>>> print(open('protein_18.json').read())   # JSON, C-alpha atoms
[["chain", "number", "residue", "atom", "x", "y", "z"],
["A", 2, "MET", "CA", -27.24, 31.08, -1.51],
["A", 3, "GLU", "CA", -27.52, 31.49, -5.29],
["A", 4, "ALA", "CA", -26.15, 27.98, -5.92],
["A", 5, "SER", "CA", -28.48, 26.48, -3.31],
["A", 6, "THR", "CA", -31.46, 28.34, -4.77],
["A", 7, "LEU", "CA", -30.66, 27.06, -8.27],
["A", 8, "GLY", "CA", -30.26, 23.51, -6.98],
["A", 9, "MET", "CA", -33.52, 23.75, -5.05],
["A", 10, "TRP", "CA", -35.42, 24.95, -8.11],
["A", 11, "ALA", "CA", -33.87, 22.11, -10.16],
["A", 12, "PHE", "CA", -35.13, 19.69, -7.51],
["A", 13, "LEU", "CA", -38.55, 21.37, -7.55],
["A", 14, "ALA", "CA", -38.64, 20.97, -11.36],
["A", 15, "THR", "CA", -38.28, 17.20, -10.86],
["A", 16, "GLU", "CA", -41.04, 17.41, -8.24],
["A", 17, "ILE", "CA", -43.29, 19.30, -10.67],
["A", 18, "LEU", "CA", -42.83, 16.50, -13.20],
["A", 19, "PHE", "CA", -43.32, 13.84, -10.53],
["A", 20, "PHE", "CA", -46.69, 15.31, -9.61],
["A", 21, "GLY", "CA", -47.14, 16.07, -13.33],
["A", 22, "GLY", "CA", -47.41, 12.34, -14.00],
["A", 23, "LEU", "CA", -50.30, 12.14, -11.55],
["A", 24, "PHE", "CA", -51.94, 15.21, -13.09],
["A", 25, "LEU", "CA", -51.55, 13.56, -16.50],
["A", 26, "VAL", "CA", -53.31, 10.39, -15.31],
["A", 27, "TYR", "CA", -56.06, 12.59, -13.91],
["A", 28, "THR", "CA", -56.41, 14.50, -17.20],
["A", 29, "VAL", "CA", -56.55, 11.40, -19.40],
["A", 30, "TYR", "CA", -59.17, 9.63, -17.26],
["A", 31, "ARG", "CA", -61.23, 12.75, -16.75],
["A", 32, "LEU", "CA", -61.36, 13.35, -20.51],
["A", 33, "ALA", "CA", -62.46, 9.74, -20.96],
["A", 34, "TYR", "CA", -65.09, 9.67, -18.17],
["A", 35, "PRO", "CA", -66.25, 13.25, -17.48],
["A", 36, "GLN", "CA", -69.65, 12.22, -16.07],
["A", 37, "ALA", "CA", -68.29, 9.66, -13.60],
["A", 38, "PHE", "CA", -65.65, 12.14, -12.46],
["A", 39, "ALA", "CA", -68.18, 14.93, -11.90],
["A", 40, "GLU", "CA", -70.47, 12.59, -9.98],
["A", 41, "ALA", "CA", -67.67, 11.17, -7.83],
["A", 42, "SER", "CA", -66.25, 14.65, -7.14],
["A", 43, "ASN", "CA", -69.60, 15.66, -5.62],
["A", 44, "HIS", "CA", -68.93, 13.16, -2.82],
["A", 45, "LEU", "CA", -65.98, 15.24, -1.61],
["A", 46, "ASP", "CA", -66.53, 17.87, 1.09],
["A", 47, "VAL", "CA", -66.09, 21.34, -0.48],
["A", 48, "VAL", "CA", -66.14, 23.12, 2.90],
["A", 49, "LEU", "CA", -63.33, 21.00, 4.35],
["A", 50, "GLY", "CA", -61.39, 21.32, 1.10],
["A", 51, "ALA", "CA", -61.78, 25.11, 1.03],
["A", 52, "VAL", "CA", -60.85, 25.45, 4.71],
["A", 53, "ASN", "CA", -57.75, 23.35, 4.08],
["A", 54, "THR", "CA", -56.84, 25.57, 1.12],
["A", 55, "ALA", "CA", -57.06, 28.63, 3.40],
["A", 56, "VAL", "CA", -55.05, 26.87, 6.12],
["A", 57, "LEU", "CA", -52.30, 25.95, 3.67],
["A", 58, "ILE", "CA", -52.16, 29.48, 2.21],
["A", 59, "GLY", "CA", -51.92, 30.73, 5.80],
["A", 60, "SER", "CA", -49.01, 28.36, 6.43],
["A", 61, "SER", "CA", -47.26, 29.75, 3.34],
["A", 62, "LEU", "CA", -47.68, 33.24, 4.81],
["A", 63, "THR", "CA", -46.16, 32.21, 8.17],
["A", 64, "MET", "CA", -43.34, 30.41, 6.30],
["A", 65, "VAL", "CA", -42.44, 33.49, 4.28],
["A", 66, "LEU", "CA", -42.59, 35.57, 7.49],
["A", 67, "ALA", "CA", -40.20, 33.05, 9.08],
["A", 68, "VAL", "CA", -37.77, 33.60, 6.19],
["A", 69, "HIS", "CA", -38.19, 37.35, 6.64],
["A", 70, "SER", "CA", -37.46, 37.02, 10.40],
["A", 71, "ALA", "CA", -34.30, 35.06, 9.60],
["A", 72, "ARG", "CA", -33.23, 37.74, 7.12],
["A", 73, "ILE", "CA", -33.59, 40.56, 9.67],
["A", 74, "GLY", "CA", -31.95, 38.40, 12.36],
["A", 75, "SER", "CA", -34.99, 37.95, 14.60],
["A", 76, "ARG", "CA", -34.44, 34.54, 16.24],
["A", 77, "ARG", "CA", -37.67, 34.82, 18.23],
["A", 78, "GLY", "CA", -39.73, 35.69, 15.14],
["A", 79, "LEU", "CA", -38.10, 32.87, 13.19],
["A", 80, "ILE", "CA", -38.91, 30.24, 15.82],
["A", 81, "LEU", "CA", -42.46, 31.51, 16.38],
["A", 82, "PHE", "CA", -43.33, 31.67, 12.67],
["A", 83, "LEU", "CA", -41.81, 28.22, 12.07],
["A", 84, "LEU", "CA", -43.91, 26.81, 14.90],
["A", 85, "ALA", "CA", -47.01, 28.58, 13.49],
["A", 86, "THR", "CA", -46.31, 26.96, 10.10],
["A", 87, "LEU", "CA", -45.98, 23.61, 11.83],
["A", 88, "VAL", "CA", -49.32, 24.08, 13.64],
["A", 89, "LEU", "CA", -51.12, 25.08, 10.40],
["A", 90, "GLY", "CA", -49.57, 22.11, 8.58],
["A", 91, "GLY", "CA", -50.80, 19.89, 11.42],
["A", 92, "ILE", "CA", -54.33, 21.32, 11.12],
["A", 93, "PHE", "CA", -54.26, 20.60, 7.37],
["A", 94, "LEU", "CA", -53.23, 16.99, 7.93],
["A", 95, "GLY", "CA", -55.82, 16.62, 10.72],
["A", 96, "ILE", "CA", -58.63, 17.79, 8.43],
["A", 97, "LYS", "CA", -57.31, 15.51, 5.68],
["A", 98, "GLY", "CA", -57.47, 12.63, 8.19],
["A", 99, "VAL", "CA", -61.10, 13.45, 9.00],
["A", 100, "GLU", "CA", -61.92, 13.46, 5.28],
["A", 101, "TYR", "CA", -60.19, 10.10, 4.75],
["A", 102, "ALA", "CA", -62.14, 8.63, 7.69],
["A", 103, "HIS", "CA", -65.41, 9.84, 6.13],
["A", 104, "LYS", "CA", -64.51, 8.17, 2.84],
["A", 105, "PHE", "CA", -63.85, 4.86, 4.64],
["A", 106, "HIS", "CA", -67.21, 5.14, 6.41],
["A", 107, "GLU", "CA", -69.00, 5.88, 3.13],
["A", 108, "HIS", "CA", -67.31, 2.94, 1.36],
["A", 109, "LEU", "CA", -65.70, 5.29, -1.15],
["A", 110, "VAL", "CA", -62.22, 3.83, -0.85],
["A", 111, "PRO", "CA", -61.51, 1.73, -3.96],
["A", 112, "GLY", "CA", -61.22, -1.94, -3.17],
["A", 113, "ALA", "CA", -63.42, -4.87, -2.20],
["A", 114, "ASP", "CA", -65.61, -2.68, 0.02],
["A", 115, "PHE", "CA", -66.18, 0.08, -2.57],
["A", 116, "ARG", "CA", -69.86, 0.96, -2.90],
["A", 117, "PHE", "CA", -70.99, 3.80, -5.14],
["A", 118, "THR", "CA", -74.64, 4.46, -5.87],
["A", 119, "GLY", "CA", -74.23, 6.26, -9.17],
["A", 120, "ALA", "CA", -74.50, 5.59, -12.86],
["A", 121, "ASP", "CA", -70.89, 4.50, -13.31],
["A", 122, "PRO", "CA", -69.33, 3.00, -10.15],
["A", 123, "ARG", "CA", -66.43, 1.40, -12.05],
["A", 124, "HIS", "CA", -65.11, 4.71, -13.32],
["A", 125, "ALA", "CA", -66.04, 6.58, -10.13],
["A", 126, "ALA", "CA", -63.63, 4.16, -8.44],
["A", 127, "ILE", "CA", -60.91, 5.43, -10.79],
["A", 128, "PHE", "CA", -61.62, 8.97, -9.59],
["A", 129, "PHE", "CA", -61.25, 7.93, -5.96],
["A", 130, "SER", "CA", -58.06, 5.99, -6.71],
["A", 131, "ILE", "CA", -56.60, 9.15, -8.26],
["A", 132, "TYR", "CA", -57.95, 11.24, -5.36],
["A", 133, "PHE", "CA", -56.20, 9.07, -2.77],
["A", 134, "ALA", "CA", -53.00, 8.79, -4.80],
["A", 135, "MET", "CA", -52.71, 12.54, -5.34],
["A", 136, "THR", "CA", -53.82, 13.79, -1.91],
["A", 137, "GLY", "CA", -51.86, 10.97, -0.26],
["A", 138, "MET", "CA", -48.67, 11.89, -2.10],
["A", 139, "HIS", "CA", -49.32, 15.55, -1.25],
["A", 140, "ALA", "CA", -49.84, 14.69, 2.43],
["A", 141, "LEU", "CA", -46.57, 12.71, 2.41],
["A", 142, "HIS", "CA", -44.79, 15.81, 1.11],
["A", 143, "MET", "CA", -46.35, 17.83, 3.93],
["A", 144, "ILE", "CA", -45.15, 15.33, 6.53],
["A", 145, "ILE", "CA", -41.62, 15.55, 5.09],
["A", 146, "GLY", "CA", -41.94, 19.36, 5.12],
["A", 147, "ALA", "CA", -43.04, 19.29, 8.76],
["A", 148, "GLY", "CA", -39.95, 17.21, 9.60],
["A", 149, "LEU", "CA", -37.73, 19.75, 7.82],
["A", 150, "ILE", "CA", -39.37, 22.67, 9.67],
["A", 151, "LEU", "CA", -38.89, 20.87, 12.99],
["A", 152, "THR", "CA", -35.19, 20.54, 12.13],
["A", 153, "LEU", "CA", -35.08, 24.28, 11.37],
["A", 154, "VAL", "CA", -36.64, 25.06, 14.77],
["A", 155, "GLY", "CA", -33.89, 23.02, 16.42],
["A", 156, "MET", "CA", -31.19, 24.79, 14.41],
["A", 157, "ALA", "CA", -32.69, 28.22, 15.17],
["A", 158, "TRP", "CA", -32.88, 27.28, 18.86],
["A", 159, "ARG", "CA", -29.14, 26.48, 18.80],
["A", 160, "ARG", "CA", -28.51, 29.91, 17.15],
["A", 161, "ARG", "CA", -27.26, 28.43, 13.91],
["A", 162, "PHE", "CA", -28.77, 31.19, 11.74],
["A", 163, "SER", "CA", -27.82, 34.82, 11.22],
["A", 164, "PRO", "CA", -28.75, 37.54, 8.69],
["A", 165, "GLU", "CA", -25.62, 36.40, 6.80],
["A", 166, "TYR", "CA", -26.55, 32.70, 6.84],
["A", 167, "PHE", "CA", -30.09, 31.39, 6.73],
["A", 168, "THR", "CA", -29.99, 29.37, 3.49],
["A", 169, "PRO", "CA", -31.70, 26.27, 4.97],
["A", 170, "VAL", "CA", -34.68, 28.42, 6.07],
["A", 171, "GLU", "CA", -35.02, 29.89, 2.57],
["A", 172, "MET", "CA", -34.72, 26.43, 0.92],
["A", 173, "VAL", "CA", -37.29, 24.74, 3.16],
["A", 174, "GLY", "CA", -39.49, 27.77, 2.47],
["A", 175, "LEU", "CA", -39.27, 27.11, -1.28],
["A", 176, "TYR", "CA", -40.20, 23.45, -0.71],
["A", 177, "TRP", "CA", -43.14, 24.38, 1.52],
["A", 178, "HIS", "CA", -44.50, 26.88, -1.02],
["A", 179, "PHE", "CA", -44.18, 24.26, -3.75],
["A", 180, "VAL", "CA", -46.33, 21.87, -1.72],
["A", 181, "ASP", "CA", -48.83, 24.72, -1.30],
["A", 182, "ILE", "CA", -48.92, 25.25, -5.10],
["A", 183, "VAL", "CA", -49.64, 21.54, -5.67],
["A", 184, "TRP", "CA", -52.67, 21.85, -3.40],
["A", 185, "ILE", "CA", -53.76, 25.06, -5.18],
["A", 186, "PHE", "CA", -54.23, 22.87, -8.28],
["A", 187, "LEU", "CA", -55.55, 19.77, -6.49],
["A", 188, "PHE", "CA", -58.39, 21.66, -4.79],
["A", 189, "PRO", "CA", -60.31, 22.86, -7.90],
["A", 190, "LEU", "CA", -59.46, 19.74, -9.94],
["A", 191, "LEU", "CA", -60.64, 17.25, -7.32],
["A", 192, "TYR", "CA", -63.28, 19.10, -5.28],
["A", 193, "LEU", "CA", -64.88, 21.59, -7.63],
["A", 194, "ILE", "CA", -65.85, 19.68, -10.77],
["A", 195, "GLY", "CA", -69.49, 19.14, -11.65],
["A", 196, "ARG", "CA", -70.78, 21.34, -8.83],
["A", 197, "HIS", "CA", -73.34, 23.43, -10.76],
["B", 7, "MET", "CA", -30.26, 36.87, -3.23],
["B", 8, "SER", "CA", -30.61, 40.63, -2.92],
["B", 9, "ALA", "CA", -29.74, 42.34, 0.32],
["B", 10, "ALA", "CA", -32.87, 44.50, 0.34],
["B", 11, "ALA", "CA", -35.44, 42.83, 2.56],
["B", 12, "PRO", "CA", -38.97, 42.86, 1.10],
["B", 13, "LYS", "CA", -41.59, 44.56, 3.23],
["B", 14, "THR", "CA", -43.86, 42.18, 5.13],
["B", 15, "LYS", "CA", -46.88, 44.25, 4.05],
["B", 16, "THR", "CA", -46.59, 42.76, 0.56],
["B", 17, "TYR", "CA", -46.84, 39.25, 2.04],
["B", 18, "TYR", "CA", -50.08, 40.08, 3.83],
["B", 19, "ILE", "CA", -51.55, 41.63, 0.66],
["B", 20, "ILE", "CA", -50.64, 38.52, -1.38],
["B", 21, "PHE", "CA", -52.10, 36.32, 1.38],
["B", 22, "GLY", "CA", -55.36, 38.30, 1.18],
["B", 23, "GLY", "CA", -55.37, 38.02, -2.60],
["B", 24, "LEU", "CA", -54.87, 34.26, -2.45],
["B", 25, "LEU", "CA", -57.77, 33.88, 0.01],
["B", 26, "LEU", "CA", -59.97, 36.06, -2.21],
["B", 27, "LEU", "CA", -59.14, 33.96, -5.28],
["B", 28, "THR", "CA", -59.97, 30.79, -3.32],
["B", 29, "ILE", "CA", -63.44, 32.20, -2.58],
["B", 30, "VAL", "CA", -63.83, 33.24, -6.24],
["B", 31, "THR", "CA", -62.92, 29.77, -7.51],
["B", 32, "VAL", "CA", -65.42, 28.09, -5.15],
["B", 33, "GLY", "CA", -68.11, 30.58, -6.19],
["B", 34, "ALA", "CA", -67.38, 30.09, -9.90],
["B", 35, "ALA", "CA", -67.67, 26.31, -9.49],
["B", 36, "TYR", "CA", -71.31, 26.67, -8.42],
["B", 37, "ILE", "CA", -72.24, 28.87, -11.38],
["B", 38, "ASP", "CA", -72.97, 27.16, -14.68],
["B", 39, "LEU", "CA", -70.30, 28.57, -16.98],
["B", 40, "GLY", "CA", -70.68, 25.82, -19.53],
["B", 41, "PHE", "CA", -67.46, 24.85, -21.27],
["B", 42, "LEU", "CA", -65.72, 27.82, -19.60],
["B", 43, "SER", "CA", -65.95, 26.21, -16.15],
["B", 44, "GLN", "CA", -62.65, 24.37, -16.34],
["B", 45, "PRO", "CA", -60.62, 27.12, -18.08],
["B", 46, "VAL", "CA", -61.79, 29.62, -15.42],
["B", 47, "ALA", "CA", -60.85, 27.28, -12.55],
["B", 48, "LEU", "CA", -57.43, 26.62, -14.12],
["B", 49, "ALA", "CA", -56.83, 30.32, -14.83],
["B", 50, "ILE", "CA", -57.50, 31.14, -11.17],
["B", 51, "ALA", "CA", -55.23, 28.29, -10.01],
["B", 52, "PHE", "CA", -52.44, 29.49, -12.33],
["B", 53, "THR", "CA", -52.85, 33.05, -11.06],
["B", 54, "LYS", "CA", -52.58, 31.83, -7.44],
["B", 55, "ALA", "CA", -49.54, 29.67, -8.23],
["B", 56, "THR", "CA", -47.87, 32.59, -10.02],
["B", 57, "LEU", "CA", -48.47, 34.91, -7.06],
["B", 58, "VAL", "CA", -46.92, 32.33, -4.70],
["B", 59, "MET", "CA", -43.92, 31.84, -6.99],
["B", 60, "ILE", "CA", -43.23, 35.55, -7.54],
["B", 61, "TYR", "CA", -43.81, 36.88, -4.03],
["B", 62, "PHE", "CA", -43.51, 33.97, -1.56],
["B", 63, "MET", "CA", -40.77, 32.11, -3.43],
["B", 64, "HIS", "CA", -39.03, 35.43, -4.14],
["B", 65, "LEU", "CA", -38.70, 35.12, -7.90],
["B", 66, "ASN", "CA", -39.17, 38.91, -7.93],
["B", 67, "HIS", "CA", -35.78, 39.18, -6.19],
["B", 68, "SER", "CA", -34.10, 36.30, -8.04],
["B", 69, "SER", "CA", -31.57, 36.24, -10.85],
["B", 70, "THR", "CA", -32.60, 35.49, -14.42],
["B", 71, "LEU", "CA", -30.96, 32.06, -14.21],
["B", 72, "VAL", "CA", -33.09, 31.12, -11.19],
["B", 73, "ARG", "CA", -36.20, 32.32, -13.03],
["B", 74, "ILE", "CA", -35.32, 30.15, -16.04],
["B", 75, "PHE", "CA", -34.89, 27.15, -13.73],
["B", 76, "ALA", "CA", -38.24, 27.92, -12.11],
["B", 77, "GLY", "CA", -39.97, 28.22, -15.48],
["B", 78, "SER", "CA", -38.39, 25.07, -16.91],
["B", 79, "GLY", "CA", -40.37, 22.70, -14.68],
["B", 80, "LEU", "CA", -43.60, 24.29, -15.85],
["B", 81, "ALA", "CA", -42.48, 24.27, -19.49],
["B", 82, "TRP", "CA", -41.77, 20.53, -19.45],
["B", 83, "LEU", "CA", -45.00, 19.85, -17.58],
["B", 84, "LEU", "CA", -46.93, 21.64, -20.34],
["B", 85, "ILE", "CA", -45.14, 19.57, -23.01],
["B", 86, "LEU", "CA", -46.06, 16.39, -21.11],
["B", 87, "LEU", "CA", -49.72, 17.40, -20.78],
["B", 88, "MET", "CA", -50.26, 18.97, -24.21],
["B", 89, "TYR", "CA", -48.81, 16.20, -26.35],
["B", 90, "THR", "CA", -50.56, 13.45, -24.40],
["B", 91, "VAL", "CA", -53.91, 15.23, -24.46],
["B", 92, "ALA", "CA", -53.52, 16.00, -28.17],
["B", 93, "ASP", "CA", -53.03, 12.27, -28.72],
["B", 94, "TYR", "CA", -55.97, 11.09, -26.60],
["B", 95, "VAL", "CA", -58.55, 13.58, -27.87],
["B", 96, "THR", "CA", -57.77, 12.84, -31.51],
["B", 97, "ARG", "CA", -57.96, 9.04, -31.31],
["B", 98, "GLN", "CA", -61.13, 7.14, -32.01],
["B", 99, "GLY", "CA", -62.46, 4.34, -29.89],
["B", 100, "ILE", "CA", -59.55, 3.91, -27.52],
["B", 101, "ALA", "CA", -60.63, 3.98, -23.90],
["B", 102, "PRO", "CA", -57.83, 4.25, -21.31]]
>>> encode(input="protein_18.json", output="structure tokens")
Amino acid sequence: MEASTLGMWAFLATEILFFGGLFLVYTVYRLAYPQAFAEASNHLDVVLGAVNTAVLIGSSLTMVLAVHSARIGSRRGLILFLLATLVLGGIFLGIKGVEYAHKFHEHLVPGADFRFTGADPRHAAIFFSIYFAMTGMHALHMIIGAGLILTLVGMAWRRRFSPEYFTPVEMVGLYWHFVDIVWIFLFPLLYLIGRH
Amino acid sequence: MSAAAPKTKTYYIIFGGLLLLTIVTVGAAYIDLGFLSQPVALAIAFTKATLVMIYFMHLNHSSTLVRIFAGSGLAWLLILLMYTVADYVTRQGIAP
């Protein structure tokens, strides 16, 4: 377990730096074009973003309860909490899909059809490029996480875990919480700038 | 990892705290805090991330080596961000 945990954290460190590159791009462009970023950010839906933050925090809670169930040897609790995590992850991705659809309708997806009625459409487009790159990469991580959780459900169903051995549950838990932490930073940085 | 199972009550308290901080960060975004706006938002995000790492990712029950591994990612991220920002904010007339 200790070796796996160390390895998982080493992997997560590479993930932090992978997302770190995106956060760096965000930081550099936001420092260069603060007005355009604030204006573009106001086109994002704060309510949907906040609800999604709550949903993802809720999924972290059910994930940690799944790990707890595995530790005390509750197969039923483990399966139920894993499924709850899966449902909450699905709700998050569903809401994200609705938001993406809105952006397509409002011509806020960078490209030939991009239309932005603000002072600085060229740099607002950079904000939306970064928005789609970062939330898209985050959503991809969630889809991978959902696949991992589904695998865990199958393993739990086949009674592969016991209080002595539940390392995969703990490791997927670490991954899932990491994805939650990425969103914890994405939400204020993308949705909440220039709101006052 | 330690044999002592953490109580689930702690998880619910941390969950409540994280929700509360989410509400606080949304509220703070709508108040004009001037130049403090961004530091406040980042401080809240760091607090939330730290709570998740300590309690949900069980760093409170982990060995020192695991904690060093966990901190290293953040340390290198800060190097990446700080040096690049220091460069960009001190240059004149270079637009990215």
>>> closest_atom_pairs(input="protein_18.json", of="chain A", to="chain B", cutoff="8 Å", atoms="only C-alpha atoms", output="Markdown table")
| residue | atom | partner | partner_atom | distance |
| --- | --- | --- | --- | --- |
| A:Met2 | CA | B:Met7 | CA | 6.8 |
| A:Glu3 | CA | B:Met7 | CA | 6.4 |
| A:Thr6 | CA | B:Val72 | CA | 7.2 |
| A:Leu7 | CA | B:Val72 | CA | 5.6 |
| A:Trp10 | CA | B:Ala76 | CA | 5.7 |
| A:Ala11 | CA | B:Phe75 | CA | 6.3 |
| A:Leu13 | CA | B:Gly79 | CA | 7.5 |
| A:Ala14 | CA | B:Gly79 | CA | 4.1 |
| A:Thr15 | CA | B:Gly79 | CA | 7.0 |
| A:Ile17 | CA | B:Gly79 | CA | 6.0 |
| A:Leu18 | CA | B:Leu83 | CA | 5.9 |
| A:Gly21 | CA | B:Leu83 | CA | 6.1 |
| A:Leu25 | CA | B:Leu87 | CA | 6.0 |
| A:Thr28 | CA | B:Val91 | CA | 7.7 |
| A:Val29 | CA | B:Val91 | CA | 6.9 |
| A:Tyr30 | CA | B:Pro102 | CA | 6.9 |
| A:Leu32 | CA | B:Val95 | CA | 7.9 |
| A:Ala33 | CA | B:Ala101 | CA | 6.7 |
| A:Ala51 | CA | B:Thr28 | CA | 7.4 |
| A:Thr54 | CA | B:Thr28 | CA | 7.5 |
| A:Ala55 | CA | B:Leu25 | CA | 6.3 |
| A:Ile58 | CA | B:Phe21 | CA | 6.9 |
| A:Gly59 | CA | B:Phe21 | CA | 7.1 |
| A:Ser61 | CA | B:Phe62 | CA | 7.5 |
| A:Leu62 | CA | B:Phe21 | CA | 6.4 |
| A:Val65 | CA | B:Phe62 | CA | 6.0 |
| A:Leu66 | CA | B:Thr14 | CA | 7.1 |
| A:His69 | CA | B:Ala11 | CA | 7.4 |
| A:Arg72 | CA | B:Ala11 | CA | 7.2 |
| A:Ile73 | CA | B:Ala11 | CA | 7.7 |
| A:Gly174 | CA | B:Met63 | CA | 7.4 |
| A:Leu175 | CA | B:Met63 | CA | 5.6 |
| A:His178 | CA | B:Met63 | CA | 6.9 |
| A:Ile182 | CA | B:Ala55 | CA | 5.5 |
| A:Ile185 | CA | B:Ala51 | CA | 6.0 |
| A:Phe186 | CA | B:Ala51 | CA | 5.8 |
| A:Pro189 | CA | B:Ala47 | CA | 6.4 |
| A:Leu193 | CA | B:Ala35 | CA | 5.8 |
| A:Ile194 | CA | B:Ala35 | CA | 7.0 |
| A:Gly195 | CA | B:Ala35 | CA | 7.7 |
| A:Arg196 | CA | B:Tyr36 | CA | 5.4 |
| A:His197 | CA | B:Tyr36 | CA | 4.5 |
>>> write_last_selection(input="protein_18.json", atoms="C-alpha atoms", output="CSV table (one decimal), in the coordinates of the input")
chain,number,residue,atom,x,y,z
A,2,MET,CA,-27.2,31.1,-1.5
A,3,GLU,CA,-27.5,31.5,-5.3
A,6,THR,CA,-31.5,28.3,-4.8
A,7,LEU,CA,-30.7,27.1,-8.3
A,10,TRP,CA,-35.4,25.0,-8.1
A,11,ALA,CA,-33.9,22.1,-10.2
A,13,LEU,CA,-38.6,21.4,-7.6
A,14,ALA,CA,-38.6,21.0,-11.4
A,15,THR,CA,-38.3,17.2,-10.9
A,17,ILE,CA,-43.3,19.3,-10.7
A,18,LEU,CA,-42.8,16.5,-13.2
A,21,GLY,CA,-47.1,16.1,-13.3
A,25,LEU,CA,-51.6,13.6,-16.5
A,28,THR,CA,-56.4,14.5,-17.2
A,29,VAL,CA,-56.6,11.4,-19.4
A,30,TYR,CA,-59.2,9.6,-17.3
A,32,LEU,CA,-61.4,13.4,-20.5
A,33,ALA,CA,-62.5,9.7,-21.0
A,51,ALA,CA,-61.8,25.1,1.0
A,54,THR,CA,-56.8,25.6,1.1
A,55,ALA,CA,-57.1,28.6,3.4
A,58,ILE,CA,-52.2,29.5,2.2
A,59,GLY,CA,-51.9,30.7,5.8
A,61,SER,CA,-47.3,29.8,3.3
A,62,LEU,CA,-47.7,33.2,4.8
A,65,VAL,CA,-42.4,33.5,4.3
A,66,LEU,CA,-42.6,35.6,7.5
A,69,HIS,CA,-38.2,37.4,6.6
A,72,ARG,CA,-33.2,37.7,7.1
A,73,ILE,CA,-33.6,40.6,9.7
A,174,GLY,CA,-39.5,27.8,2.5
A,175,LEU,CA,-39.3,27.1,-1.3
A,178,HIS,CA,-44.5,26.9,-1.0
A,182,ILE,CA,-48.9,25.2,-5.1
A,185,ILE,CA,-53.8,25.1,-5.2
A,186,PHE,CA,-54.2,22.9,-8.3
A,189,PRO,CA,-60.3,22.9,-7.9
A,193,LEU,CA,-64.9,21.6,-7.6
A,194,ILE,CA,-65.8,19.7,-10.8
A,195,GLY,CA,-69.5,19.1,-11.6
A,196,ARG,CA,-70.8,21.3,-8.8
A,197,HIS,CA,-73.3,23.4,-10.8
>>> atom_distance(input="protein_18.json", atom1="atom CA of B:Ile85", atom2="atom CA of B:Gly99")
24.1 Å
>>> residues_around(input="protein_18.json", residues="stretch 82-99 of chain A", least_positions_apart="4", cutoff="9 Å", atoms="only C-alpha atoms", output="PyMOL selection string")
chain A and resi 49-50+52-54+56-57+59-68+70+77-78+103-104+136+140+143-144+146-147+150-151+153-154
>>> atom_distance(input="protein_18.json", atom1="atom CA of A:Phe24", atom2="atom CA of A:Ala37")
17.3 Å
>>> closest_residue(input="protein_18.json", among="A:Gly8, A:Pro122, A:Gly112, A:Gly74", to="A:Tyr34", atoms="only C-alpha atoms")
A:Pro122
>>> atom_distance(input="protein_18.json", atom1="atom CA of A:Tyr132", atom2="atom CA of A:Asp46")
12.6 Å
>>> build_atoms(input="protein_18.json", residues="stretch 76-87 of chain B", atoms="N, CA and C atoms", output="PDB file, in the frame of the given file")
ATOM      1  N   ALA B  76     -36.881  28.006 -12.648  1.00  0.00           N
ATOM      2  CA  ALA B  76     -38.240  27.920 -12.110  1.00  0.00           C
ATOM      3  C   ALA B  76     -39.252  27.693 -13.230  1.00  0.00           C
ATOM      4  N   GLY B  77     -39.033  28.359 -14.375  1.00  0.00           N
ATOM      5  CA  GLY B  77     -39.970  28.220 -15.480  1.00  0.00           C
ATOM      6  C   GLY B  77     -39.841  26.888 -16.206  1.00  0.00           C
ATOM      7  N   SER B  78     -38.626  26.286 -16.135  1.00  0.00           N
ATOM      8  CA  SER B  78     -38.390  25.070 -16.910  1.00  0.00           C
ATOM      9  C   SER B  78     -39.295  23.921 -16.471  1.00  0.00           C
ATOM     10  N   GLY B  79     -39.491  23.781 -15.170  1.00  0.00           N
ATOM     11  CA  GLY B  79     -40.370  22.700 -14.680  1.00  0.00           C
ATOM     12  C   GLY B  79     -41.748  22.817 -15.284  1.00  0.00           C
ATOM     13  N   LEU B  80     -42.264  24.049 -15.291  1.00  0.00           N
ATOM     14  CA  LEU B  80     -43.600  24.290 -15.850  1.00  0.00           C
ATOM     15  C   LEU B  80     -43.619  24.022 -17.345  1.00  0.00           C
ATOM     16  N   ALA B  81     -42.542  24.447 -18.033  1.00  0.00           N
ATOM     17  CA  ALA B  81     -42.480  24.270 -19.490  1.00  0.00           C
ATOM     18  C   ALA B  81     -42.550  22.778 -19.843  1.00  0.00           C
ATOM     19  N   TRP B  82     -41.764  21.957 -19.149  1.00  0.00           N
ATOM     20  CA  TRP B  82     -41.770  20.530 -19.450  1.00  0.00           C
ATOM     21  C   TRP B  82     -43.096  19.866 -19.056  1.00  0.00           C
ATOM     22  N   LEU B  83     -43.688  20.377 -17.985  1.00  0.00           N
ATOM     23  CA  LEU B  83     -45.000  19.850 -17.580  1.00  0.00           C
ATOM     24  C   LEU B  83     -46.027  20.103 -18.688  1.00  0.00           C
ATOM     25  N   LEU B  84     -45.979  21.310 -19.274  1.00  0.00           N
ATOM     26  CA  LEU B  84     -46.930  21.640 -20.340  1.00  0.00           C
ATOM     27  C   LEU B  84     -46.702  20.767 -21.571  1.00  0.00           C
ATOM     28  N   ILE B  85     -45.430  20.471 -21.883  1.00  0.00           N
ATOM     29  CA  ILE B  85     -45.140  19.570 -23.010  1.00  0.00           C
ATOM     30  C   ILE B  85     -45.766  18.197 -22.737  1.00  0.00           C
ATOM     31  N   LEU B  86     -45.517  17.684 -21.520  1.00  0.00           N
ATOM     32  CA  LEU B  86     -46.060  16.390 -21.110  1.00  0.00           C
ATOM     33  C   LEU B  86     -47.580  16.346 -21.284  1.00  0.00           C
ATOM     34  N   LEU B  87     -48.255  17.389 -20.759  1.00  0.00           N
ATOM     35  CA  LEU B  87     -49.720  17.400 -20.780  1.00  0.00           C
ATOM     36  C   LEU B  87     -50.254  17.618 -22.193  1.00  0.00           C
TER      37      LEU B  87
END
